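Asks: So I've got this file, upload-v7.txt, and it contains compact mmCIF, C-alpha atoms and all ligand atoms:
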```
# COMPACT_ATOMS: atom_id res chain seq x y z
CA MET A 1 0.00 0.00 0.00
CA LYS A 2 1.39 3.39 -1.01
CA LEU A 3 1.44 5.86 1.89
CA PRO A 4 0.49 9.53 1.41
CA ARG A 5 3.49 11.81 1.03
CA GLU A 6 2.51 13.77 4.16
CA ILE A 7 2.73 10.61 6.29
CA ILE A 8 6.11 9.62 4.85
CA GLU A 9 7.48 13.12 5.49
CA SER A 10 6.11 13.12 9.08
CA ARG A 11 7.80 9.77 9.71
CA ARG A 12 11.08 10.92 8.16
CA ARG A 13 11.05 13.97 10.44
CA ALA A 14 10.65 11.68 13.49
CA VAL A 15 13.34 9.31 12.20
CA ARG A 16 15.84 12.16 11.86
CA GLU A 17 15.11 13.26 15.42
CA ALA A 18 15.73 9.68 16.56
CA LEU A 19 19.26 9.74 15.12
CA ASN A 20 20.20 12.19 17.91
CA TYR A 21 20.13 9.22 20.29
CA ILE A 22 22.87 7.37 18.38
CA SER A 23 26.55 7.55 19.34
CA ASP A 24 29.74 5.88 18.16
CA GLY A 25 30.22 2.20 19.07
CA MET A 26 26.58 1.49 19.94
CA VAL A 27 24.81 -1.81 19.40
CA VAL A 28 21.40 -0.78 18.05
CA GLY A 29 18.23 -2.93 18.07
CA LEU A 30 15.95 -2.60 15.05
CA GLY A 31 12.19 -3.15 14.98
CA SER A 32 10.42 -3.96 11.72
CA GLY A 33 8.01 -2.26 9.31
CA THR A 34 8.00 0.64 6.89
CA THR A 35 9.00 3.25 9.49
CA MET A 36 11.97 1.13 10.48
CA ARG A 37 12.99 0.79 6.85
CA LEU A 38 13.09 4.60 6.71
CA PHE A 39 15.12 4.59 9.92
CA VAL A 40 17.62 2.11 8.47
CA GLU A 41 18.03 4.25 5.33
CA GLU A 42 18.69 7.37 7.42
CA LEU A 43 20.96 5.46 9.80
CA ALA A 44 23.08 4.11 6.93
CA SER A 45 23.57 7.66 5.55
CA TYR A 46 24.33 9.01 9.04
CA ILE A 47 26.96 6.32 9.70
CA LYS A 48 28.66 7.13 6.38
CA ALA A 49 28.56 10.90 6.89
CA SER A 50 29.75 10.88 10.50
CA ARG A 51 32.19 7.92 10.14
CA ILE A 52 30.98 6.18 13.28
CA SER A 53 30.89 2.46 13.95
CA ILE A 54 27.46 0.94 14.71
CA SER A 55 26.21 -2.66 14.80
CA VAL A 56 22.53 -3.49 14.43
CA VAL A 57 20.41 -6.31 15.87
CA PRO A 58 17.42 -6.98 13.58
CA SER A 59 14.00 -8.19 14.73
CA SER A 60 12.96 -9.86 11.44
CA TYR A 61 14.35 -11.31 8.24
CA ASP A 62 12.79 -8.35 6.45
CA ILE A 63 14.70 -5.66 8.34
CA MET A 64 17.85 -7.80 8.39
CA ILE A 65 17.85 -8.15 4.60
CA TYR A 66 17.13 -4.42 4.23
CA ALA A 67 19.97 -3.47 6.61
CA LEU A 68 22.38 -5.89 4.90
CA GLY A 69 21.53 -4.31 1.53
CA LEU A 70 22.56 -0.91 2.92
CA GLY A 71 25.87 -2.29 4.21
CA LEU A 72 25.08 -2.24 7.95
CA HIS A 73 26.94 -4.57 10.30
CA ILE A 74 24.52 -7.19 11.69
CA ILE A 75 24.69 -9.00 15.04
CA ASP A 76 22.48 -11.97 15.94
CA PRO A 77 20.75 -11.36 19.31
CA MET A 78 21.44 -14.93 20.42
CA GLY A 79 24.92 -14.08 21.66
CA LEU A 80 23.92 -10.84 23.44
CA TYR A 81 22.68 -10.15 26.97
CA GLU A 82 21.95 -6.49 26.38
CA ILE A 83 21.55 -3.96 23.58
CA ASP A 84 22.48 -0.28 24.00
CA ILE A 85 19.37 1.18 22.41
CA ALA A 86 16.45 -0.07 20.29
CA PHE A 87 14.35 1.81 17.75
CA ASP A 88 10.96 0.46 16.82
CA GLY A 89 7.68 1.46 15.17
CA ALA A 90 4.12 0.85 16.39
CA ASP A 91 0.62 0.43 14.98
CA GLU A 92 -1.03 2.42 17.79
CA VAL A 93 0.22 4.42 20.80
CA ASP A 94 -2.32 5.09 23.58
CA ALA A 95 -2.67 8.05 25.95
CA LYS A 96 -0.31 6.42 28.51
CA LEU A 97 2.24 5.37 25.84
CA ASN A 98 1.36 1.68 25.79
CA LEU A 99 1.84 0.25 22.29
CA LEU A 100 -0.01 -2.02 19.91
CA LYS A 101 2.40 -3.79 17.57
CA GLY A 102 2.58 -6.76 15.20
CA GLY A 103 1.11 -5.32 11.99
CA GLY A 104 4.17 -6.83 10.30
CA ALA A 105 3.95 -10.07 12.34
CA ALA A 106 7.36 -9.42 13.92
CA LEU A 107 5.97 -8.80 17.44
CA THR A 108 7.80 -11.57 19.32
CA ARG A 109 11.29 -10.71 18.13
CA GLU A 110 10.50 -7.01 18.51
CA LYS A 111 9.45 -7.55 22.13
CA ILE A 112 12.66 -9.51 22.75
CA ILE A 113 14.85 -6.77 21.22
CA ASP A 114 12.97 -3.97 23.03
CA SER A 115 13.22 -5.82 26.35
CA MET A 116 16.96 -6.49 25.90
CA SER A 117 17.65 -2.80 25.27
CA ARG A 118 18.70 -0.30 27.91
CA LYS A 119 16.61 2.31 26.10
CA THR A 120 13.72 1.87 23.65
CA ILE A 121 12.75 4.69 21.32
CA ILE A 122 9.47 4.39 19.40
CA ILE A 123 9.10 6.26 16.12
CA VAL A 124 5.60 6.95 14.76
CA ASP A 125 3.68 9.47 12.71
CA TYR A 126 0.76 11.36 14.25
CA THR A 127 -1.91 9.00 12.80
CA LYS A 128 -0.77 6.29 15.23
CA LEU A 129 -1.89 8.21 18.33
CA VAL A 130 -5.12 6.94 19.95
CA ASP A 131 -6.74 7.21 23.39
CA LYS A 132 -7.02 3.43 23.76
CA LEU A 133 -5.36 0.51 21.95
CA CYS A 134 -7.32 -1.50 19.36
CA THR A 135 -9.28 1.60 18.35
CA ARG A 136 -8.44 0.94 14.68
CA LYS A 137 -6.27 -2.16 14.56
CA PRO A 138 -6.74 -5.73 15.82
CA LEU A 139 -4.57 -7.31 18.50
CA PRO A 140 -2.16 -9.86 16.98
CA VAL A 141 -1.33 -13.03 18.90
CA GLU A 142 1.45 -15.37 17.71
CA VAL A 143 0.38 -18.97 18.16
CA ALA A 144 1.89 -22.46 17.73
CA PRO A 145 0.00 -24.15 14.84
CA PRO A 146 -1.36 -27.13 16.85
CA ALA A 147 -2.92 -24.72 19.38
CA LEU A 148 -4.78 -22.60 16.80
CA SER A 149 -8.38 -23.59 17.68
CA TYR A 150 -7.72 -23.91 21.39
CA VAL A 151 -6.08 -20.47 21.66
CA SER A 152 -8.86 -18.86 19.56
CA ARG A 153 -11.45 -20.17 22.04
CA ARG A 154 -9.45 -19.13 25.13
CA LEU A 155 -8.82 -15.62 23.73
CA LYS A 156 -12.58 -15.04 23.51
CA GLU A 157 -12.83 -15.78 27.26
CA ILE A 158 -10.23 -13.10 28.06
CA VAL A 159 -11.29 -10.34 25.66
CA GLU A 160 -14.85 -9.76 24.43
CA CYS A 161 -14.44 -9.96 20.66
CA ARG A 162 -16.23 -8.87 17.51
CA ASP A 163 -14.12 -11.26 15.48
CA VAL A 164 -11.09 -13.55 15.62
CA LYS A 165 -9.27 -14.20 12.34
CA VAL A 166 -6.24 -16.23 11.33
CA ARG A 167 -4.05 -13.82 9.35
CA GLN A 168 -3.73 -14.90 5.73
CA GLY A 169 -0.58 -14.66 3.63
CA ALA A 170 0.00 -12.53 0.55
CA GLY A 171 1.93 -14.39 -2.16
CA LYS A 172 1.20 -17.64 -0.34
CA VAL A 173 -1.93 -19.74 0.12
CA GLY A 174 -3.15 -20.23 3.67
CA PRO A 175 -2.09 -18.55 6.90
CA ILE A 176 1.04 -16.45 7.15
CA VAL A 177 3.91 -18.23 8.87
CA THR A 178 6.05 -15.95 11.06
CA ASP A 179 9.85 -15.87 11.22
CA ASN A 180 9.41 -18.24 14.20
CA GLY A 181 7.29 -20.76 12.23
CA PHE A 182 4.07 -19.78 14.07
CA PHE A 183 0.65 -18.43 12.96
CA ILE A 184 -0.93 -15.05 13.79
CA ILE A 185 -4.44 -14.72 15.19
CA ASP A 186 -5.87 -11.19 14.86
CA LEU A 187 -8.26 -10.42 17.67
CA TYR A 188 -10.88 -7.66 17.15
CA PRO A 189 -12.01 -6.57 20.63
CA LYS A 190 -15.57 -5.30 21.04
CA ASN A 191 -14.22 -2.32 22.97
CA PRO A 192 -10.76 -0.71 22.81
CA ILE A 193 -8.43 -1.66 25.69
CA GLU A 194 -8.21 0.75 28.65
CA PRO A 195 -4.61 1.99 29.14
CA ASP A 196 -4.58 0.75 32.75
CA ASP A 197 -5.68 -2.71 31.59
CA VAL A 198 -3.00 -3.29 28.92
CA GLU A 199 -0.46 -5.09 31.08
CA ARG A 200 -3.07 -7.34 32.74
CA VAL A 201 -4.59 -8.39 29.39
CA SER A 202 -1.14 -9.01 27.89
CA THR A 203 -0.08 -11.20 30.83
CA LYS A 204 -3.33 -13.21 30.71
CA ILE A 205 -3.02 -13.86 26.97
CA ASN A 206 0.59 -14.99 27.31
CA MET A 207 -0.43 -17.57 29.93
CA ILE A 208 -2.50 -19.57 27.39
CA PRO A 209 -0.54 -22.69 26.36
CA GLY A 210 0.41 -22.33 22.68
CA VAL A 211 0.74 -18.53 22.74
CA LEU A 212 4.25 -17.34 21.96
CA GLU A 213 3.62 -13.59 22.41
CA ASN A 214 1.02 -10.88 21.79
CA GLY A 215 1.11 -7.39 20.30
CA LEU A 216 0.42 -5.41 23.50
CA PHE A 217 3.63 -3.65 24.60
CA PRO A 218 3.05 -2.13 28.08
CA ARG A 219 4.58 1.31 28.59
CA LYS A 220 7.26 -0.09 30.90
CA LEU A 221 9.00 -1.37 27.73
CA VAL A 222 9.14 2.16 26.30
CA ASP A 223 11.40 5.11 27.17
CA THR A 224 10.52 7.66 24.54
CA VAL A 225 7.98 8.03 21.73
CA ILE A 226 8.95 10.37 18.90
CA VAL A 227 5.89 11.53 16.97
CA GLY A 228 6.30 13.08 13.54
CA PHE A 229 3.76 15.68 12.33
CA PRO A 230 3.69 17.44 8.94
CA ASP A 231 5.29 20.54 10.53
CA ARG A 232 7.03 19.38 13.72
CA VAL A 233 8.19 16.57 15.99
CA GLU A 234 6.97 15.84 19.51
CA VAL A 235 9.09 13.83 21.96
CA LEU A 236 7.00 12.06 24.62
CA LYS A 237 8.69 10.49 27.67
CA ALA A 238 7.24 7.27 29.06
CA ARG A 239 9.70 7.18 31.99
C1 LIG B 301 5.77 -4.97 12.97
C2 LIG B 301 5.38 -3.81 13.81
C3 LIG B 301 5.55 -2.45 13.22
O1 LIG B 301 6.32 -1.67 14.10
C4 LIG B 301 4.20 -1.82 13.07
O2 LIG B 301 3.38 -2.68 12.30
C5 LIG B 301 4.30 -0.44 12.39
O3 LIG B 301 4.68 -0.61 11.07
P1 LIG B 301 4.77 0.59 10.05
O4 LIG B 301 5.96 1.39 10.43
O5 LIG B 301 4.92 -0.10 8.71
O6 LIG B 301 3.48 1.37 10.14
O7 LIG B 301 4.94 -3.93 14.92
O8 LIG B 301 5.46 -6.18 13.61
```
Would you encode the structure as structure tokens?
Ligand code: 5RP

Replies:
Amino acid sequence: MKLPREIIESRRRAVREALNYISDGMVVGLGSGTTMRLFVEELASYIKASRISISVVPSSYDIMIYALGLGLHIIDPMGLYEIDIAFDGADEVDAKLNLLKGGGAALTREKIIDSMSRKTIIIVDYTKLVDKLCTRKPLPVEVAPPALSYVSRRLKEIVECRDVKVRQGAGKVGPIVTDNGFFIIDLYPKNPIEPDDVERVSTKINMIPGVLENGLFPRKLVDTVIVGFPDRVEVLKAR
């Protein structure tokens, strides 16, 4: 889907602000998605122009391949205990800076990278701001294939739903298969999730056997949200 120019420019403005958090020698975690692709482009130019040395830890094959194509130095997270700083996008950001993520089905590895990082900076354009999560987008849950029906039923007990759908692939028949070999269930809650309820709902969902992770990222995972507007940038502090 082609994004309006105004949105791309708002995102680019936020991405450029985010580069202020980078310094020489850092190990940098990368989320996934179109905003992160913009970030990787700007980061590659910044590294060249300022002659600094940066290594990146990707959260998906998509962002890894993109970063490799731009000549960035990649590190696999498996050998790391900690990452200096992570940059990530989001599908929605609520009034208390909780996040909804997983539009690109990379939520599990993104949550790992964001949790491993000493600082997590979220980069969004202004259209991602909402009062409550799941106002516009469903809640993705990554599920082991044998548990598909069981998890679908249990999710409906935790969250009152309008619909529960198995996400379908593009360029492939059947469900999408994540980088972890799992499926994605998209949950459409009847009512958006109250900011003070995000952590509780996330914890409950993750306790269902067969669930790998879900797309609710409680604000405790976030340090800063950089929001790009057509004419300015706002920097919001979560802690
Ligand atoms: C991928 C994600 C992305 O951060 C989220 O979908 C936002 O993507 P985009 O920058 O393309 O709008 O969570 O799993």

Asks: Which is closer to ligand LIG 301 (chain B) than all the others in A:Pro175, A:Gly79, A:Pro58, A:Gly104, using all atoms listed in the file?

Replies: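 For ligand LIG 301 (chain B), the nearest of the given residues is A:Gly104.
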
Asks: What gap, in Å, lies between atom CA of Ile193 of chain A and atom CA of Arg154 of chain A?

Replies: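 We find that atom CA of Ile193 of chain A and atom CA of Arg154 of chain A lie 17.5 Å from each other.
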
Asks: Let me have all residues with an atom within 8 Å of ligand LIG 301 (chain B), counting all atoms listed in the file, laid out as a ChimeraX atom specification.

Replies: /A:31-37,88-91,100-107,110,124,215

Asks: Do you know which residues are at most 10 Å from Ser50 of chain A counting all atoms listed in the file, after dropping those on the same chain fewer than 5 positions away, and could you put them as a list in words?

Replies: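 With the cut-off at 10 Å, the set is Ser23, Asp24 and Ser45 of chain A.
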
Asks: Taking into account all atoms listed in the file, which residue in the set A:Ile122, A:Ala147, A:Val141, A:Leu30 is nearest to Arg11 of chain A?

Replies: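 Using all atoms listed in the file, Arg11 of chain A sits closest to A:Ile122.
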